[in-house]
Amino acid sequence: MSTTLTHPEVASHAPAPKTPQGAFSLGQLAKGLPGALRKLSPREMWHNPVMFIVEIGAALTTVLAIAQPFLGNATSGGSQQSLAFTWSIAIWLWLTVIFANLAEAVAEGRGKAQAASLRQTRTSTMATRVTGYDAAIDAAAAHAGTEHVASADLRLGDVVVVTAGELIPGDGDIVWGIASVDESAITGESAPVVRESGGDRSAVTGGTRVLSDRIVVRITSKPGETFIDRMIKLVEGASRQKTPNEIALNILLASLSIVFLVVVLTLGPVAGYSGAAPSVPVLIALLVCLIPTTIGALLSAIGIAGMDRLVQRNVLAMSGRAVEAAGDVTTLLLDKTGTITFGNRQASEFTAVSNVDSTQLIRSAALSSLSDPTPEGTSIVTLAEKLGYVHAGAVDGEIVPFTAQTRMSGIDFADGTQVRKGAASAVVSWVQESAPPQSGVLLELEAEVQRISQVGGTPLAVATRSADGAASILGVIYLKDIVKPGLAERFADLRRMGIRTVMVTGDNPLTAKHIAAEAGVDDFLAEATPEDKLALIRREQEGGNLVAMTGDGTNDAPALAQADVGVAMNTGTSAAKEAGNMVDLDSDPTKLIDIVSIGKQLLITRGSLTTFSIANDVAKYFAIIPAMFVGVFPGLQALNIMHLHSPASAILSAVIFNAIIIVVLIPLALRGVRYRPAKASSLLTRNLLIYGIGGIIAPFIGIKLIDLLVGVIPGF
Amino acid sequence: MYFWLFIAQVATLVLILGLLYRPLGDYMATVYTTRKNLKVERGIYRLIGVNPDSDQTWPVYLRSVLAVSAIGILIVYGMQRLQQFLPYSLGLPAVPEGLSFNTAISFVTNTNWQSYSPEVTMGYTVQMAGLAVQNFVSAAVGIAVAIALVRGFALRKSGTIGNFWVDLIRGTIRILLPLSIIAAIVLLAGGVIQNFNGFQHVTTITGATQSIPGGPVASQEAIKQLGTNGGGFFNVNSAHPFENPTPWTNIFAIILMLAIPFALPRTFGTMVGDKRQGYAILATMGTLFIASLVAMTLFEFDGSGTAPIAAGGAMEGKETRFGILGSTLFATSSTITSTGAVNSMHDSYTALGGGVAMINMMLGEVAPGGVGSGLYGILVIAIIAVFIAGLMVGRTPEYLGKKLGAREMKLASLYILATPTLVLVGTALSFAIPAVRADIEKTSMWNPGLHGFSEVLYAFTSAGNNNGSAFAGLTANTPWLNSALGVVMFLGRFLPIVFALALAGSLAAQDRVPATAGTLPTHKPQFIGLLIGTIILVSALTYFPVLALGPLAEGLR
């Protein structure tokens, strides 16, 4: 069932997502232990063929260890095999399986903790359902009949009224009204947000609380499938399915396991010919050491941890497939406004026409903007003050607000003087109302306006008219789009990773080109309509590119759905959230870049640990093969390059190393391999050195060290 | 002195193969991509009812491959069983069932394993109309499959992978036939015999009588090497002075073996539109080849024991006219190309030197491997290497713009699973079934103990990898070995072909992802190293235990 209710006191810390990254402790291991033991059930193990083989081997060895005293003299490869040896192998094989389960349990545990804190807050609430709602006649539902129903009984399409202090009973869109809403339950952000009908901020989430006003909401989710329900399932890993790449890797691992199974099964008769037949426990030990247990044990933990890293950054991926696709992205579509530039333009320059004193221009511009609350207006005053303008006393005049018709704003002073600022053409015609301005001044103005437009800025002309009706042009204010700092470097990083960035903007091509150059994006789409955006995505995809984008509006929905990775902003409409395959709870479009990194990191971790796992086999062979046959062929002692103590200790040490390395690597699997943007070839060199060469060397050292310990045990 | 001789020999080989690389590789690329048909080809298409312009999907392509091979097996089997009725049979009787079965499969699968002494078993008709025809067809089939896989990489969103009949006929008529004719003439000039004399009975100087076999050897010899077949006209194969009379026919034979396999990477590079990719594959093959040659030569020079020390190296089983260098170069070329011809007896090599011959085959015959089969083999291992390395750069792995997903990995995994399974299971069964083991120990093995085991392991390795060389010293004409090796050869050839063609189909159907800075580059030394590492690791991990029980245990005594 379904609806969620957030108690205000829990709300502030409900979204556990802010846990520190990579936190991993022995406590977590202990907590995961019961889960790890539960997973020993063959029905669970079956999903992981590599570890399933280990479990069968462990069971078989245990049976043989129990039977050994009754069967009498046990030999392997010509040497005696002690009971302690068989039992040690059996125990360590069980530990290998348990360690693998532990890795998964720990990874799941982190998600479970987050899910628990979300679920804690879920109780049913009462909803005020409108009966016979008719948007045309009574949009506010002021006169319509209402009934109280449990939120669980709400159906898709129901309309409810929510007033200040109430919880929103389910996910939906506001059809009427405006309200401030506390969404901290899902975003962790305690500042309330404004939600209103129409436009791109109409979506509300069940379980969030209306703080002011009254809204009418149309429910858009089925019970049990609300946003928070999905969120719980995601962080818990309940809806986790193997991703395409994970499936491909699993196939490779399974086939490697089969190869080694064949190797081990055929070894018996072949060695038997030379009278060197190894015992079954020794063969099982060899098999377990050879099959890729390290990666087999950590594979699902890596996947869960990857999703978890996204959640920690307040991004919800609807599927693991989307996370993987993020790593593959080759084209990023970034909205200009909000992503590349700050949402608004800022004044950066005043240019007076030749016969006007610049202080007069600055003064007029500042005065006309004093009561202008828009960021542009404030920025004009700020700039004026920076240039020495000091505001003295109250302004005695009437504000003339901006309208789409006049395309100007300004102020009418009490003494009859008027100041106007706005689009150049509008200001010029305003001046012309009194008298045609000098052609020299006009030309100058035009040149300046042209210059500013060319560099991507917005020119605002300023003019004044004195009480006697004489009007004159004063100059131009240069409003500039400010590119967020540090973006150029990030785009350069992306380029190094092989990702092309495309800026999407509604600006004209000239402006767009300038900003694109300043921000360092590779390409831009100017005067973009949602259709253009969709067409661009299709075009990129036809060329084989994978496209990622962010969006929030309903008109973004088709593009979000078409994109391979569509990140919807949480502030966006529910249509956008449905269409995308990720939701960013912080509504920060720049995060797209982080998402790509997380996707790559996930794949790199998988690949690196696979390489490590396979490379480990070299050392294990050098430990086990001589130990298996040295009794019959003393010459093989030459292969015992680690100078291991005895055959029994060599085999046991390899098995112990094989088990312990899993636990040692759990933190790495959860945290992910370190990733920094770089060219593919340098990334490969680095990872091959660490995990390939390192994977060959590490077990030589590890097995030798373990052997030094095992060697002192009597009987080995 | 030996050192410089070795260098000179290798340098000559590298130079000649280097000169052949571009023209031969590009010529083959043209042969398999042009739309023009020769007159004679059009005639053949009309005769067999094939439309040369209609391309096939991979299952149809595969069915055609299997049909041609099945028919080939039936014909060769039938000819052997009916030998006494054939002309030029030299009075030889019908070949027994088991041996006919084994030989038919052996030649159709490009293995050319010979459980028999050719000069006293097969008459001229069987040799020429049966075996030599298969020398051409099996080689052309190998190249065709490789080309189909290359097309898989080259094509975009295509449901088809070419027309097998066109590939088969063009490969035979435009590549193998003309080159064999030239080669045969050169061999004739070098002293290889070409006659229909049958057996000549002569009295030697000491007064004993000897019967000297004749035969159309030069024509057989040319395609035997060029098509990496390796089935000799005589029992001792290229050690026989009629097949390989002089040191320079020896090196010429080696060039013939290596020419097409080493030029195919160029064909690949040209067809996928990125010649650097071809060079990367070439470099991988070349590095492994040189490394193996050096290892084997060192082991042979190092052969311990009184006799080898007196002779300056292990000369047992080697012809004095070739010496150690001429022998190891031939042995390396032959075992690493799936030719399987021998000019010296590998059984007599030092334990470790013989082990290298085995390892050459165990690498999966990819350095450079058989005609065609070497290329498709190495491309499949490259897919595995790219998959693991691709993950390490944070992308869904892609090779030449083709994404390697679950289906591709399934097929590539099955491919690398097939041959080792056949080799190991075949060897193990030979020792696991008590009656078979008794027969192997009593009849087949020439040497007891570890060396005997190596002989059996060598036989199955050779059969599974379609090499065909023998460790000698193993009597393989027994019911068990004839049938087991026959089955292993058949599956060792056609299972990989099934997977390679399925892979071709699945790759061809994909679109091509454009390469970016984030794409793993597959033409740089880094990738070459990775590919070499993968090839070695995949085979080393699989075969290390059995090698430890054979050549290693013997050599480290």
# chains A, B, ... in the order shown; residues from 1 in each chain; ligands from 1
$ interface_residues --of "chain B" --to "chain A" --cutoff "8 Å" --atoms "only C-alpha atoms" --output "NGL selection string"
:B and (388-396 or 405-407 or 409-410 or 413-414 or 417 or 420-421 or 424-425 or 427-429 or 431-432 or 449-450 or 511-514 or 516-521 or 526 or 541-546 or 548-549 or 552-553 or 556-557)
$ residues_around --residues "Gly25 in chain B" --least-positions-apart "4" --cutoff "9 Å" --atoms "only C-alpha atoms" --output "list of chain:residue names"
B:Leu20, B:Tyr21, B:Ala29, B:Thr30, B:Ile260, B:Phe262, B:Ala263, B:Leu264, B:Pro265, B:Arg266, B:Thr267, B:Phe268, B:Gly269, B:Thr270
$ residues_around --residues "Ile178 in chain A" --least-positions-apart "5" --cutoff "8 Å" --atoms "only C-alpha atoms" --output "PDB file with N, CA and C atoms, in the first residue's frame"
ATOM      1  N   VAL A 194       8.170  26.407  -4.148  1.00  0.00           N
ATOM      2  CA  VAL A 194       6.865  26.868  -4.624  1.00  0.00           C
ATOM      3  C   VAL A 194       6.389  25.939  -5.729  1.00  0.00           C
ATOM      4  N   ARG A 195       5.140  25.532  -5.616  1.00  0.00           N
ATOM      5  CA  ARG A 195       4.549  24.680  -6.652  1.00  0.00           C
ATOM      6  C   ARG A 195       3.273  25.363  -7.115  1.00  0.00           C
ATOM      7  N   GLU A 196       3.069  25.442  -8.422  1.00  0.00           N
ATOM      8  CA  GLU A 196       1.855  26.092  -8.903  1.00  0.00           C
ATOM      9  C   GLU A 196       1.302  25.388 -10.124  1.00  0.00           C
ATOM     10  N   SER A 197       0.031  25.638 -10.368  1.00  0.00           N
ATOM     11  CA  SER A 197      -0.604  24.959 -11.493  1.00  0.00           C
ATOM     12  C   SER A 197      -0.064  25.520 -12.795  1.00  0.00           C
ATOM     13  N   ASP A 213      -1.328  28.127   1.695  1.00  0.00           N
ATOM     14  CA  ASP A 213      -2.331  28.157   0.630  1.00  0.00           C
ATOM     15  C   ASP A 213      -3.081  26.830   0.429  1.00  0.00           C
ATOM     16  N   ARG A 214      -3.802  26.826  -0.651  1.00  0.00           N
ATOM     17  CA  ARG A 214      -4.676  25.672  -0.926  1.00  0.00           C
ATOM     18  C   ARG A 214      -4.505  25.295  -2.390  1.00  0.00           C
ATOM     19  N   ILE A 215      -4.340  24.035  -2.641  1.00  0.00           N
ATOM     20  CA  ILE A 215      -4.154  23.610  -4.039  1.00  0.00           C
ATOM     21  C   ILE A 215      -5.101  22.460  -4.380  1.00  0.00           C
TER      22      ILE A 215
END
$ residues_around --residues "Glu408 in chain B" --least-positions-apart "3" --cutoff "10 Å" --atoms "only C-alpha atoms" --output "list in words"
Ala248 and Ile251 of chain A; Val380, Ile383, Ile384, Phe387, Lys402, Lys403, Leu404, Gly405, Leu411, Ala412, Ser413, Leu414, Phe499, Ala500, Ala502, Leu503, Ala504, Gly505, Ser506 and Leu507 of chain B
$ select_by_dssp --residues "range 84-201 of chain A" --states "alpha helix (DSSP H)" --output "VMD selection string"
chain A and resid 84 to 119 184 to 187
$ write_last_selection --atoms "C-alpha atoms" --output "PDB file, in the first residue's frame"
ATOM      1  CA  ALA A  84      43.431 -31.640   9.223  1.00  0.00           C
ATOM      2  CA  PHE A  85      44.205 -30.657   5.655  1.00  0.00           C
ATOM      3  CA  THR A  86      40.850 -31.839   4.320  1.00  0.00           C
ATOM      4  CA  TRP A  87      38.979 -30.076   7.097  1.00  0.00           C
ATOM      5  CA  SER A  88      40.964 -26.883   6.595  1.00  0.00           C
ATOM      6  CA  ILE A  89      40.127 -26.882   2.902  1.00  0.00           C
ATOM      7  CA  ALA A  90      36.463 -27.515   3.653  1.00  0.00           C
ATOM      8  CA  ILE A  91      36.299 -24.683   6.181  1.00  0.00           C
ATOM      9  CA  TRP A  92      38.021 -22.182   3.956  1.00  0.00           C
ATOM     10  CA  LEU A  93      35.817 -23.061   1.025  1.00  0.00           C
ATOM     11  CA  TRP A  94      32.760 -22.340   3.161  1.00  0.00           C
ATOM     12  CA  LEU A  95      34.383 -19.093   4.218  1.00  0.00           C
ATOM     13  CA  THR A  96      34.927 -18.208   0.566  1.00  0.00           C
ATOM     14  CA  VAL A  97      31.203 -18.544  -0.092  1.00  0.00           C
ATOM     15  CA  ILE A  98      30.293 -16.652   3.060  1.00  0.00           C
ATOM     16  CA  PHE A  99      32.690 -13.818   2.215  1.00  0.00           C
ATOM     17  CA  ALA A 100      31.105 -13.502  -1.205  1.00  0.00           C
ATOM     18  CA  ASN A 101      27.635 -13.320   0.340  1.00  0.00           C
ATOM     19  CA  LEU A 102      28.945 -10.870   2.873  1.00  0.00           C
ATOM     20  CA  ALA A 103      30.032  -8.511   0.120  1.00  0.00           C
ATOM     21  CA  GLU A 104      26.542  -8.496  -1.308  1.00  0.00           C
ATOM     22  CA  ALA A 105      24.903  -8.244   2.094  1.00  0.00           C
ATOM     23  CA  VAL A 106      27.024  -5.249   3.068  1.00  0.00           C
ATOM     24  CA  ALA A 107      26.243  -3.488  -0.201  1.00  0.00           C
ATOM     25  CA  GLU A 108      22.544  -4.149   0.255  1.00  0.00           C
ATOM     26  CA  GLY A 109      22.744  -3.146   3.894  1.00  0.00           C
ATOM     27  CA  ARG A 110      23.643   0.415   3.041  1.00  0.00           C
ATOM     28  CA  GLY A 111      20.602   0.753   0.825  1.00  0.00           C
ATOM     29  CA  LYS A 112      18.390  -0.953   3.379  1.00  0.00           C
ATOM     30  CA  ALA A 113      19.300   1.628   5.990  1.00  0.00           C
ATOM     31  CA  GLN A 114      18.175   4.388   3.668  1.00  0.00           C
ATOM     32  CA  ALA A 115      15.019   2.553   2.758  1.00  0.00           C
ATOM     33  CA  ALA A 116      14.202   1.971   6.411  1.00  0.00           C
ATOM     34  CA  SER A 117      14.320   5.651   7.218  1.00  0.00           C
ATOM     35  CA  LEU A 118      12.007   6.357   4.318  1.00  0.00           C
ATOM     36  CA  ARG A 119       9.653   3.575   5.227  1.00  0.00           C
ATOM     37  CA  SER A 184      12.558  17.742   2.618  1.00  0.00           C
ATOM     38  CA  ALA A 185      11.292  14.166   2.934  1.00  0.00           C
ATOM     39  CA  ILE A 186      12.644  13.351  -0.462  1.00  0.00           C
ATOM     40  CA  THR A 187      15.246  15.968  -1.206  1.00  0.00           C
TER      41      THR A 187
END
$ atom_distance --atom1 "CA of Ala366 in chain A" --atom2 "CA of Val462 in chain A"
10.5 Å
$ residues_around --residues "Leu332 in chain A" --least-positions-apart "6" --cutoff "8 Å" --atoms "only C-alpha atoms" --output "ChimeraX atom specification"
/A:499-502,547-549
$ write_last_selection --atoms "all heavy atoms" --output "CSV table (one decimal), in the first residue's frame"
chain,number,residue,atom,x,y,z
A,499,ILE,N,33.7,12.8,-24.7
A,499,ILE,CA,32.2,13.2,-24.7
A,499,ILE,C,32.1,14.6,-25.3
A,499,ILE,O,32.8,15.6,-24.9
A,499,ILE,CB,31.7,13.2,-23.3
A,499,ILE,CG1,31.7,11.8,-22.7
A,499,ILE,CG2,30.3,13.8,-23.2
A,499,ILE,CD1,31.4,11.6,-21.3
A,500,ARG,N,31.2,14.8,-26.2
A,500,ARG,CA,31.0,16.0,-26.9
A,500,ARG,C,29.8,16.8,-26.1
A,500,ARG,O,28.8,16.2,-25.8
A,500,ARG,CB,30.5,15.8,-28.3
A,500,ARG,CG,31.1,16.7,-29.4
A,500,ARG,CD,30.9,16.0,-30.7
A,500,ARG,NE,29.5,15.8,-31.0
A,500,ARG,CZ,28.7,16.7,-31.5
A,500,ARG,NH1,29.1,17.9,-31.9
A,500,ARG,NH2,27.4,16.5,-31.7
A,501,THR,N,30.0,18.0,-25.9
A,501,THR,CA,29.0,18.8,-25.2
A,501,THR,C,28.3,19.7,-26.2
A,501,THR,O,28.9,20.3,-27.0
A,501,THR,CB,29.6,19.7,-24.1
A,501,THR,OG1,30.8,20.2,-24.5
A,501,THR,CG2,29.9,18.8,-22.9
A,502,VAL,N,27.0,19.7,-26.1
A,502,VAL,CA,26.2,20.6,-27.0
A,502,VAL,C,25.3,21.5,-26.1
A,502,VAL,O,24.6,21.0,-25.2
A,502,VAL,CB,25.3,19.7,-27.9
A,502,VAL,CG1,24.5,20.7,-28.8
A,502,VAL,CG2,26.1,18.8,-28.7
A,547,VAL,N,23.2,9.7,-26.1
A,547,VAL,CA,22.9,11.1,-25.7
A,547,VAL,C,22.4,11.1,-24.3
A,547,VAL,O,21.5,10.4,-23.9
A,547,VAL,CB,21.9,11.7,-26.7
A,547,VAL,CG1,21.7,13.2,-26.3
A,547,VAL,CG2,22.3,11.6,-28.1
A,548,ALA,N,22.9,12.1,-23.5
A,548,ALA,CA,22.3,12.3,-22.2
A,548,ALA,C,21.8,13.8,-22.2
A,548,ALA,O,22.4,14.7,-22.8
A,548,ALA,CB,23.4,12.1,-21.1
A,549,MET,N,20.8,14.0,-21.4
A,549,MET,CA,20.3,15.4,-21.3
A,549,MET,C,19.5,15.6,-20.0
A,549,MET,O,19.2,14.6,-19.3
A,549,MET,CB,19.3,15.7,-22.5
A,549,MET,CG,18.1,14.9,-22.5
A,549,MET,SD,16.8,15.6,-23.6
A,549,MET,CE,16.2,17.0,-22.7
$ atom_distance --atom1 "CA of Ile595 in chain A" --atom2 "CA of Glu183 in chain A"
22.7 Å
$ closest_residue --among "B:Phe199, B:Phe527, B:Phe299, B:Tyr77" --to "Phe107 in chain B" --atoms "only C-alpha atoms"
B:Tyr77
$ atom_distance --atom1 "CA of Thr378 in chain A" --atom2 "CA of Met408 in chain A"
16.1 Å
$ decode --residues "range 355-368 of chain A" --atoms "C-alpha atoms" --output "PDB file, in the first residue's frame"
ATOM      1  CA  ASN A 355      27.651  64.099 -25.961  1.00  0.00           C
ATOM      2  CA  VAL A 356      26.445  62.587 -22.713  1.00  0.00           C
ATOM      3  CA  ASP A 357      28.376  62.460 -19.487  1.00  0.00           C
ATOM      4  CA  SER A 358      28.737  58.866 -18.353  1.00  0.00           C
ATOM      5  CA  THR A 359      27.840  59.753 -14.760  1.00  0.00           C
ATOM      6  CA  GLN A 360      24.492  60.976 -16.026  1.00  0.00           C
ATOM      7  CA  LEU A 361      23.903  57.685 -17.776  1.00  0.00           C
ATOM      8  CA  ILE A 362      24.893  55.737 -14.696  1.00  0.00           C
ATOM      9  CA  ARG A 363      22.708  57.861 -12.464  1.00  0.00           C
ATOM     10  CA  SER A 364      19.674  57.547 -14.730  1.00  0.00           C
ATOM     11  CA  ALA A 365      20.164  53.829 -15.170  1.00  0.00           C
ATOM     12  CA  ALA A 366      20.504  53.290 -11.439  1.00  0.00           C
ATOM     13  CA  LEU A 367      17.507  55.443 -10.616  1.00  0.00           C
ATOM     14  CA  SER A 368      15.313  53.673 -13.113  1.00  0.00           C
TER      15      SER A 368
END
